[in-house]
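Just run.pdb here, PDB, C-alpha atoms, pLDDT in the B column:
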ATOM      1  CA  MET A   1      42.264 162.394  38.135  1.00 73.00           C
ATOM      2  CA  ARG A   2      41.951 162.452  34.327  1.00 89.00           C
ATOM      3  CA  CYS A   3      42.804 158.739  34.116  1.00 91.00           C
ATOM      4  CA  PHE A   4      39.993 157.686  36.431  1.00 93.00           C
ATOM      5  CA  THR A   5      37.541 160.162  34.927  1.00 95.00           C
ATOM      6  CA  ARG A   6      38.098 158.577  31.512  1.00 96.00           C
ATOM      7  CA  LEU A   7      37.750 155.138  33.106  1.00 96.00           C
ATOM      8  CA  LYS A   8      34.405 156.125  34.588  1.00 96.00           C
ATOM      9  CA  MET A   9      33.159 157.442  31.233  1.00 97.00           C
ATOM     10  CA  SER A  10      34.048 154.164  29.533  1.00 98.00           C
ATOM     11  CA  LEU A  11      32.222 152.237  32.255  1.00 98.00           C
ATOM     12  CA  MET A  12      28.989 154.202  31.925  1.00 98.00           C
ATOM     13  CA  PRO A  13      27.112 151.274  30.260  1.00 98.00           C
ATOM     14  CA  TYR A  14      27.963 149.111  33.297  1.00 98.00           C
ATOM     15  CA  ILE A  15      27.271 151.883  35.812  1.00 98.00           C
ATOM     16  CA  TYR A  16      23.945 152.839  34.288  1.00 98.00           C
ATOM     17  CA  ALA A  17      22.782 149.218  34.033  1.00 98.00           C
ATOM     18  CA  ASN A  18      23.493 148.740  37.728  1.00 97.00           C
ATOM     19  CA  ALA A  19      21.680 151.994  38.514  1.00 97.00           C
ATOM     20  CA  VAL A  20      18.616 150.584  36.752  1.00 97.00           C
ATOM     21  CA  LYS A  21      18.900 147.399  38.825  1.00 96.00           C
ATOM     22  CA  THR A  22      19.132 149.488  41.997  1.00 97.00           C
ATOM     23  CA  SER A  23      15.977 151.408  41.086  1.00 96.00           C
ATOM     24  CA  ARG A  24      14.128 148.126  40.605  1.00 96.00           C
ATOM     25  CA  THR A  25      15.456 146.067  43.509  1.00 96.00           C
ATOM     26  CA  GLY A  26      16.592 148.586  46.123  1.00 96.00           C
ATOM     27  CA  VAL A  27      20.014 146.897  46.364  1.00 95.00           C
ATOM     28  CA  PRO A  28      22.616 149.708  46.403  1.00 96.00           C
ATOM     29  CA  MET A  29      25.162 149.921  43.610  1.00 96.00           C
ATOM     30  CA  MET A  30      27.948 150.566  46.146  1.00 96.00           C
ATOM     31  CA  ARG A  31      27.335 147.675  48.502  1.00 96.00           C
ATOM     32  CA  SER A  32      29.183 146.201  51.439  1.00 96.00           C
ATOM     33  CA  MET A  33      31.117 142.978  51.001  1.00 97.00           C
ATOM     34  CA  ALA A  34      28.915 141.347  53.640  1.00 96.00           C
ATOM     35  CA  LEU A  35      25.815 142.089  51.567  1.00 96.00           C
ATOM     36  CA  GLU A  36      27.265 140.493  48.430  1.00 96.00           C
ATOM     37  CA  PHE A  37      29.001 137.581  50.165  1.00 97.00           C
ATOM     38  CA  PRO A  38      26.966 136.789  53.305  1.00 95.00           C
ATOM     39  CA  GLU A  39      28.397 133.263  53.566  1.00 95.00           C
ATOM     40  CA  ASP A  40      31.985 134.525  53.794  1.00 96.00           C
ATOM     41  CA  GLU A  41      32.617 135.428  57.439  1.00 95.00           C
ATOM     42  CA  ASN A  42      35.758 137.350  56.459  1.00 95.00           C
ATOM     43  CA  CYS A  43      33.562 139.923  54.704  1.00 96.00           C
ATOM     44  CA  GLY A  44      31.624 140.751  57.861  1.00 93.00           C
ATOM     45  CA  TYR A  45      33.993 143.475  59.072  1.00 92.00           C
ATOM     46  CA  LEU A  46      35.488 144.870  55.850  1.00 95.00           C
ATOM     47  CA  ASP A  47      34.987 148.647  55.740  1.00 93.00           C
ATOM     48  CA  ARG A  48      37.698 149.771  53.298  1.00 95.00           C
ATOM     49  CA  GLN A  49      36.471 148.014  50.179  1.00 97.00           C
ATOM     50  CA  TYR A  50      33.136 147.510  48.490  1.00 98.00           C
ATOM     51  CA  MET A  51      31.357 145.946  45.549  1.00 98.00           C
ATOM     52  CA  PHE A  52      30.669 148.447  42.782  1.00 98.00           C
ATOM     53  CA  GLY A  53      27.669 146.911  41.093  1.00 97.00           C
ATOM     54  CA  ASP A  54      27.295 143.161  40.855  1.00 95.00           C
ATOM     55  CA  SER A  55      30.657 142.345  39.235  1.00 97.00           C
ATOM     56  CA  MET A  56      33.395 144.775  40.330  1.00 98.00           C
ATOM     57  CA  LEU A  57      35.271 145.051  43.626  1.00 98.00           C
ATOM     58  CA  VAL A  58      36.948 148.349  44.526  1.00 98.00           C
ATOM     59  CA  ALA A  59      39.429 149.005  47.350  1.00 97.00           C
ATOM     60  CA  PRO A  60      40.410 152.704  47.623  1.00 95.00           C
ATOM     61  CA  ILE A  61      43.962 153.604  48.652  1.00 94.00           C
ATOM     62  CA  PHE A  62      44.211 155.333  52.047  1.00 91.00           C
ATOM     63  CA  HIS A  63      48.000 155.263  52.443  1.00 90.00           C
ATOM     64  CA  GLU A  64      50.229 158.208  51.469  1.00 89.00           C
ATOM     65  CA  LYS A  65      52.824 155.859  49.958  1.00 90.00           C
ATOM     66  CA  GLY A  66      50.287 153.985  47.842  1.00 92.00           C
ATOM     67  CA  LEU A  67      50.139 150.838  49.959  1.00 94.00           C
ATOM     68  CA  GLY A  68      46.868 149.036  49.372  1.00 93.00           C
ATOM     69  CA  SER A  69      45.285 145.826  50.567  1.00 94.00           C
ATOM     70  CA  CYS A  70      42.042 144.002  49.926  1.00 96.00           C
ATOM     71  CA  TYR A  71      40.385 140.699  50.636  1.00 98.00           C
ATOM     72  CA  LEU A  72      39.051 138.701  47.682  1.00 98.00           C
ATOM     73  CA  PRO A  73      36.344 136.100  48.341  1.00 98.00           C
ATOM     74  CA  GLU A  74      36.603 132.636  46.832  1.00 97.00           C
ATOM     75  CA  GLY A  75      36.875 132.416  43.057  1.00 97.00           C
ATOM     76  CA  ILE A  76      39.086 133.728  40.272  1.00 97.00           C
ATOM     77  CA  TRP A  77      39.378 137.516  40.158  1.00 98.00           C
ATOM     78  CA  THR A  78      40.824 139.649  37.366  1.00 98.00           C
ATOM     79  CA  ASP A  79      42.518 143.006  37.875  1.00 97.00           C
ATOM     80  CA  TYR A  80      40.487 145.284  35.606  1.00 97.00           C
ATOM     81  CA  LEU A  81      43.412 147.622  34.899  1.00 96.00           C
ATOM     82  CA  THR A  82      46.202 145.080  34.312  1.00 95.00           C
ATOM     83  CA  GLY A  83      44.376 141.859  33.357  1.00 95.00           C
ATOM     84  CA  GLU A  84      46.228 139.845  36.017  1.00 96.00           C
ATOM     85  CA  THR A  85      44.230 136.964  37.498  1.00 97.00           C
ATOM     86  CA  VAL A  86      44.441 135.892  41.135  1.00 97.00           C
ATOM     87  CA  SER A  87      42.708 133.312  43.314  1.00 97.00           C
ATOM     88  CA  GLY A  88      40.318 134.452  46.019  1.00 97.00           C
ATOM     89  CA  GLY A  89      39.897 133.338  49.605  1.00 96.00           C
ATOM     90  CA  ARG A  90      42.842 135.429  50.805  1.00 96.00           C
ATOM     91  CA  TRP A  91      44.243 138.935  51.322  1.00 97.00           C
ATOM     92  CA  TYR A  92      46.383 140.769  48.765  1.00 96.00           C
ATOM     93  CA  ARG A  93      48.745 143.673  49.423  1.00 95.00           C
ATOM     94  CA  ASN A  94      50.524 145.798  46.856  1.00 94.00           C
ATOM     95  CA  THR A  95      51.929 149.258  46.189  1.00 95.00           C
ATOM     96  CA  TYR A  96      50.046 151.365  43.650  1.00 94.00           C
ATOM     97  CA  ASP A  97      50.972 154.503  41.750  1.00 92.00           C
ATOM     98  CA  TYR A  98      48.603 157.380  40.993  1.00 89.00           C
ATOM     99  CA  LEU A  99      47.224 155.652  37.887  1.00 90.00           C
ATOM    100  CA  HIS A 100      46.299 152.349  39.523  1.00 93.00           C
ATOM    101  CA  MET A 101      44.230 151.017  42.392  1.00 95.00           C
ATOM    102  CA  PRO A 102      42.668 147.662  43.317  1.00 96.00           C
ATOM    103  CA  ILE A 103      39.729 147.142  40.941  1.00 97.00           C
ATOM    104  CA  PHE A 104      38.849 143.471  40.451  1.00 98.00           C
ATOM    105  CA  VAL A 105      36.221 141.706  38.340  1.00 98.00           C
ATOM    106  CA  ARG A 106      34.675 138.512  39.668  1.00 98.00           C
ATOM    107  CA  GLU A 107      34.623 135.328  37.628  1.00 97.00           C
ATOM    108  CA  ASN A 108      31.805 134.536  35.206  1.00 97.00           C
ATOM    109  CA  ALA A 109      31.081 138.240  34.711  1.00 98.00           C
ATOM    110  CA  ILE A 110      30.477 140.343  31.609  1.00 98.00           C
ATOM    111  CA  ILE A 111      31.369 144.040  31.736  1.00 98.00           C
ATOM    112  CA  ALA A 112      29.958 146.350  29.064  1.00 98.00           C
ATOM    113  CA  ARG A 113      32.622 148.933  28.157  1.00 98.00           C
ATOM    114  CA  GLY A 114      31.463 151.974  26.224  1.00 98.00           C
ATOM    115  CA  SER A 115      33.050 153.432  23.107  1.00 97.00           C
ATOM    116  CA  ARG A 116      33.678 156.909  24.547  1.00 96.00           C
ATOM    117  CA  GLU A 117      35.823 158.315  27.368  1.00 96.00           C
ATOM    118  CA  ASP A 118      35.120 162.021  26.959  1.00 95.00           C
ATOM    119  CA  CYS A 119      31.539 162.325  28.221  1.00 95.00           C
ATOM    120  CA  PRO A 120      29.014 160.381  30.323  1.00 95.00           C
ATOM    121  CA  ASP A 121      25.950 160.778  28.099  1.00 94.00           C
ATOM    122  CA  TYR A 122      26.363 158.906  24.830  1.00 97.00           C
ATOM    123  CA  ASP A 123      24.757 155.966  23.059  1.00 97.00           C
ATOM    124  CA  PHE A 124      25.961 153.151  25.325  1.00 97.00           C
ATOM    125  CA  ALA A 125      24.998 150.412  22.850  1.00 96.00           C
ATOM    126  CA  ASP A 126      26.827 151.904  19.863  1.00 96.00           C
ATOM    127  CA  HIS A 127      30.117 149.994  19.407  1.00 96.00           C
ATOM    128  CA  VAL A 128      29.932 148.626  22.945  1.00 97.00           C
ATOM    129  CA  GLU A 129      32.549 146.049  23.896  1.00 98.00           C
ATOM    130  CA  PHE A 130      31.357 143.143  26.035  1.00 98.00           C
ATOM    131  CA  ARG A 131      34.284 141.944  28.170  1.00 98.00           C
ATOM    132  CA  ILE A 132      33.922 138.394  29.432  1.00 98.00           C
ATOM    133  CA  TYR A 133      35.907 137.307  32.495  1.00 98.00           C
ATOM    134  CA  GLN A 134      36.637 133.686  33.417  1.00 96.00           C
ATOM    135  CA  LEU A 135      33.436 132.326  31.884  1.00 96.00           C
ATOM    136  CA  SER A 136      32.549 128.969  33.461  1.00 94.00           C
ATOM    137  CA  GLU A 137      28.814 128.560  32.802  1.00 95.00           C
ATOM    138  CA  GLU A 138      26.198 131.108  31.705  1.00 97.00           C
ATOM    139  CA  ALA A 139      26.430 134.878  32.031  1.00 97.00           C
ATOM    140  CA  ARG A 140      24.347 137.758  30.734  1.00 97.00           C
ATOM    141  CA  CYS A 141      24.900 141.481  30.290  1.00 98.00           C
ATOM    142  CA  GLN A 142      22.426 144.202  29.372  1.00 98.00           C
ATOM    143  CA  VAL A 143      22.899 147.764  28.144  1.00 98.00           C
ATOM    144  CA  PHE A 144      20.153 150.294  28.849  1.00 97.00           C
ATOM    145  CA  ASP A 145      18.819 153.532  27.448  1.00 96.00           C
ATOM    146  CA  GLY A 146      16.455 154.857  30.079  1.00 94.00           C
ATOM    147  CA  GLN A 147      14.532 151.798  31.239  1.00 93.00           C
ATOM    148  CA  ASP A 148      14.802 150.043  27.872  1.00 96.00           C
ATOM    149  CA  VAL A 149      17.350 147.352  26.979  1.00 96.00           C
ATOM    150  CA  THR A 150      19.212 148.408  23.828  1.00 96.00           C
ATOM    151  CA  ALA A 151      21.821 145.628  23.773  1.00 96.00           C
ATOM    152  CA  GLU A 152      22.086 142.251  25.444  1.00 97.00           C
ATOM    153  CA  LEU A 153      24.700 139.523  25.322  1.00 97.00           C
ATOM    154  CA  THR A 154      24.262 135.999  26.651  1.00 97.00           C
ATOM    155  CA  ALA A 155      27.345 133.793  26.914  1.00 97.00           C
ATOM    156  CA  VAL A 156      27.187 130.062  27.645  1.00 97.00           C
ATOM    157  CA  ARG A 157      30.245 127.862  28.123  1.00 96.00           C
ATOM    158  CA  GLN A 158      30.249 124.062  28.004  1.00 95.00           C
ATOM    159  CA  GLY A 159      33.750 122.628  28.191  1.00 94.00           C
ATOM    160  CA  ASN A 160      35.820 124.275  25.462  1.00 94.00           C
ATOM    161  CA  GLU A 161      32.777 125.576  23.577  1.00 96.00           C
ATOM    162  CA  ILE A 162      31.315 129.051  24.010  1.00 97.00           C
ATOM    163  CA  THR A 163      28.049 130.231  22.476  1.00 97.00           C
ATOM    164  CA  LEU A 164      27.441 133.969  22.274  1.00 97.00           C
ATOM    165  CA  THR A 165      23.984 135.346  21.502  1.00 96.00           C
ATOM    166  CA  ALA A 166      23.562 139.099  21.015  1.00 95.00           C
ATOM    167  CA  GLU A 167      20.403 141.125  20.668  1.00 94.00           C
ATOM    168  CA  THR A 168      21.172 144.639  19.482  1.00 94.00           C
ATOM    169  CA  ALA A 169      20.679 146.987  16.568  1.00 92.00           C
ATOM    170  CA  LYS A 170      24.127 148.533  16.951  1.00 93.00           C
ATOM    171  CA  PRO A 171      27.696 147.375  16.157  1.00 93.00           C
ATOM    172  CA  PHE A 172      29.517 145.592  18.999  1.00 95.00           C
ATOM    173  CA  THR A 173      32.519 143.412  19.820  1.00 96.00           C
ATOM    174  CA  VAL A 174      33.217 140.727  22.411  1.00 97.00           C
ATOM    175  CA  ARG A 175      36.512 140.499  24.307  1.00 97.00           C
ATOM    176  CA  LEU A 176      37.438 137.173  25.934  1.00 97.00           C
ATOM    177  CA  VAL A 177      39.813 138.420  28.611  1.00 97.00           C
ATOM    178  CA  ASN A 178      43.027 136.418  29.088  1.00 96.00           C
ATOM    179  CA  LEU A 179      42.183 133.834  26.419  1.00 94.00           C
ATOM    180  CA  GLY A 180      44.617 135.214  23.840  1.00 89.00           C
ATOM    181  CA  SER A 181      46.999 132.291  24.329  1.00 84.00           C
ATOM    182  CA  GLN A 182      44.379 129.829  23.108  1.00 85.00           C
ATOM    183  CA  GLY A 183      43.447 128.959  19.575  1.00 89.00           C
ATOM    184  CA  ILE A 184      39.837 129.478  18.556  1.00 92.00           C
ATOM    185  CA  GLN A 185      37.446 128.540  15.776  1.00 93.00           C
ATOM    186  CA  VAL A 186      34.521 130.920  15.322  1.00 94.00           C
ATOM    187  CA  ASP A 187      31.303 130.201  13.469  1.00 94.00           C
ATOM    188  CA  GLY A 188      29.340 133.368  12.767  1.00 93.00           C
ATOM    189  CA  GLY A 189      32.174 135.847  13.227  1.00 94.00           C
ATOM    190  CA  THR A 190      35.901 136.487  13.280  1.00 94.00           C
ATOM    191  CA  ALA A 191      38.546 136.508  16.022  1.00 94.00           C
ATOM    192  CA  GLU A 192      41.870 138.240  16.479  1.00 94.00           C
ATOM    193  CA  THR A 193      44.386 138.315  19.308  1.00 94.00           C
ATOM    194  CA  ASP A 194      44.883 141.584  21.180  1.00 95.00           C
ATOM    195  CA  GLY A 195      47.588 141.160  23.793  1.00 94.00           C
ATOM    196  CA  MET A 196      46.367 138.521  26.228  1.00 94.00           C
ATOM    197  CA  ASP A 197      42.783 138.694  24.959  1.00 96.00           C
ATOM    198  CA  LEU A 198      40.698 137.404  22.084  1.00 96.00           C
ATOM    199  CA  VAL A 199      38.475 139.960  20.352  1.00 96.00           C
ATOM    200  CA  LEU A 200      35.468 138.608  18.463  1.00 96.00           C
ATOM    201  CA  LYS A 201      33.489 140.446  15.823  1.00 94.00           C
ATOM    202  CA  PRO A 202      30.142 139.195  14.518  1.00 93.00           C
ATOM    203  CA  GLY A 203      29.740 138.301  10.872  1.00 85.00           C
ATOM    204  CA  GLN A 204      27.195 141.080  10.422  1.00 71.00           C
ATOM    205  CA  GLU A 205      27.978 144.581  11.632  1.00 62.00           C
ATOM    206  CA  GLU A 206      24.549 145.294  13.109  1.00 62.00           C
ATOM    207  CA  GLY A 207      21.531 143.376  14.355  1.00 63.00           C
ATOM    208  CA  ASN A 208      21.007 140.203  16.336  1.00 75.00           C
ATOM    209  CA  SER A 209      23.722 137.604  15.908  1.00 88.00           C
ATOM    210  CA  ARG A 210      25.011 134.315  17.241  1.00 92.00           C
ATOM    211  CA  MET A 211      28.608 133.121  17.422  1.00 94.00           C
ATOM    212  CA  HIS A 212      29.764 129.634  18.311  1.00 94.00           C
ATOM    213  CA  CYS A 213      33.377 129.330  19.454  1.00 95.00           C
ATOM    214  CA  ILE A 214      35.594 126.309  20.036  1.00 94.00           C
ATOM    215  CA  LEU A 215      38.703 126.959  22.129  1.00 93.00           C
ATOM    216  CA  SER A 216      41.871 124.920  21.803  1.00 86.00           C
ATOM    217  CA  ASP A 217      45.475 125.105  22.942  1.00 72.00           C
ATOM    218  CA  GLN A 218      47.616 126.780  20.275  1.00 53.00           C
ATOM    219  CA  GLU A 219      50.528 124.424  20.858  1.00 42.00           C
ATOM    220  CA  GLU A 220      48.251 121.473  20.205  1.00 41.00           C
ATOM    221  CA  ASP A 221      46.964 123.146  17.037  1.00 43.00           C
ATOM    222  CA  GLU A 222      50.492 123.715  15.776  1.00 39.00           C
ATOM    223  CA  GLY A 223      51.395 120.123  16.580  1.00 37.00           C
ATOM    224  CA  ASN A 224      48.444 118.876  14.565  1.00 34.00           C
ATOM    225  CA  LYS A 225      49.778 120.636  11.467  1.00 30.00           C
ATOM    226  CA  PHE A 226      52.639 118.135  11.089  1.00 24.00           C
TER     227      PHE A 226
END
Now that the file is in, can you turn its structure into structure tokens?
Amino acid sequence: MRCFTRLKMSLMPYIYANAVKTSRTGVPMMRSMALEFPEDENCGYLDRQYMFGDSMLVAPIFHEKGLGSCYLPEGIWTDYLTGETVSGGRWYRNTYDYLHMPIFVRENAIIARGSREDCPDYDFADHVEFRIYQLSEEARCQVFDGQDVTAELTAVRQGNEITLTAETAKPFTVRLVNLGSQGIQVDGGTAETDGMDLVLKPGQEEGNSRMHCILSDQEEDEGNKF
């Protein structure tokens, strides 16, 4: 219970942003798969999984031995808890312990992760981490305080180049999930590898900023040194 409570607290920027969208559009935050993927006929009868906001898929465990299954629509999905990527358009079955469950992030999504795990009401924009998953084109993420946007990140990818534009008055970082094995050149900030991810920090600690990144294969980079 404590593990998932802390997870929820860290996801409050994402949860609150989707609550704002719900208040404006009427589309529920917990929505059926058929509502989010009307073209996928396989989603028409799914009643044991749902979309949590516009980017996360959740499949609760109903089996006493931790057996879980879920259907992932077409695309590349990333396990939020482990970072593992899988291809959609098929069913997945696995056994989960008490600290894990199927929570997947769809491709070309940005999840705002908050800086605190001990309470739900904090400054969501302060030291927020924007996590980018399988970026293929353009994606945008907003952080709210009430009805006002306090932080916004726009990410655009063209080939091996990524441009990140942030509008915020608070410190933030950007995490490129599962791109830690690639080399990167950053203009307007710095990058460091954290496990399988790349973590980017803007050149200035606060305020609007823009970072331009060029990705490359590390093996190719090392080969070019000789």
Would you mind listing what lies within 12 Å of region 18-32 of chain A as an MDAnalysis selection string, with all atoms listed in the file counted and same-chain residues fewer than 4 positions away left out?
chainID A and resid 11:14 36:38 43:59 111:112 141:149
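What the PyMOL selection byres ((chain A and resi 133) around 7) grabs from this file is Glu107, Asn108, Ala109, Ile110, Arg131, Ile132, Gln134, Leu135, Leu176 and Val177 of chain A.
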Selection result for the PyMOL selection byres ((chain A and resi 180-192) around 6) on this file, as an MDAnalysis selection string
chainID A and resid 178:179 193 196:203 211:218
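Between CA of Leu67 (chain A) and CA of Asp40 (chain A) the interatomic distance comes to 24.7 Å.
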I need the output of the PyMOL selection byres ((chain A and resi 71) around 6) for this file as a ChimeraX atom specification; which residues are they?
/A:70,72,90-91
Mind checking which residues fall within 12 Å of Met1 (chain A), counting all atoms listed in the file, ignoring those fewer than 6 positions away in the same chain, and posting them as a PDB file with C-alpha atoms, in the coordinates of the input?
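Result file around_8.pdb:
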ATOM      1  CA  LEU A   7      37.750 155.138  33.106  1.00 96.00           C
ATOM      2  CA  LYS A   8      34.405 156.125  34.588  1.00 96.00           C
ATOM      3  CA  TYR A  98      48.603 157.380  40.993  1.00 89.00           C
ATOM      4  CA  LEU A  99      47.224 155.652  37.887  1.00 90.00           C
ATOM      5  CA  HIS A 100      46.299 152.349  39.523  1.00 93.00           C
TER       6      HIS A 100
END
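Between Glu152 (chain A) and the residues A:Glu84, A:Glu41, A:Asp97, A:Glu129, the shortest atom-to-atom distance, using only C-alpha atoms, involves A:Glu129.
Taking CA of Glu117 (chain A) as the reference point, CA of Leu153 (chain A) is found at 21.9 Å.
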Two-atom distance - CA of Ser209 (chain A), CA of Thr173 (chain A) (Å):
11.2 Å
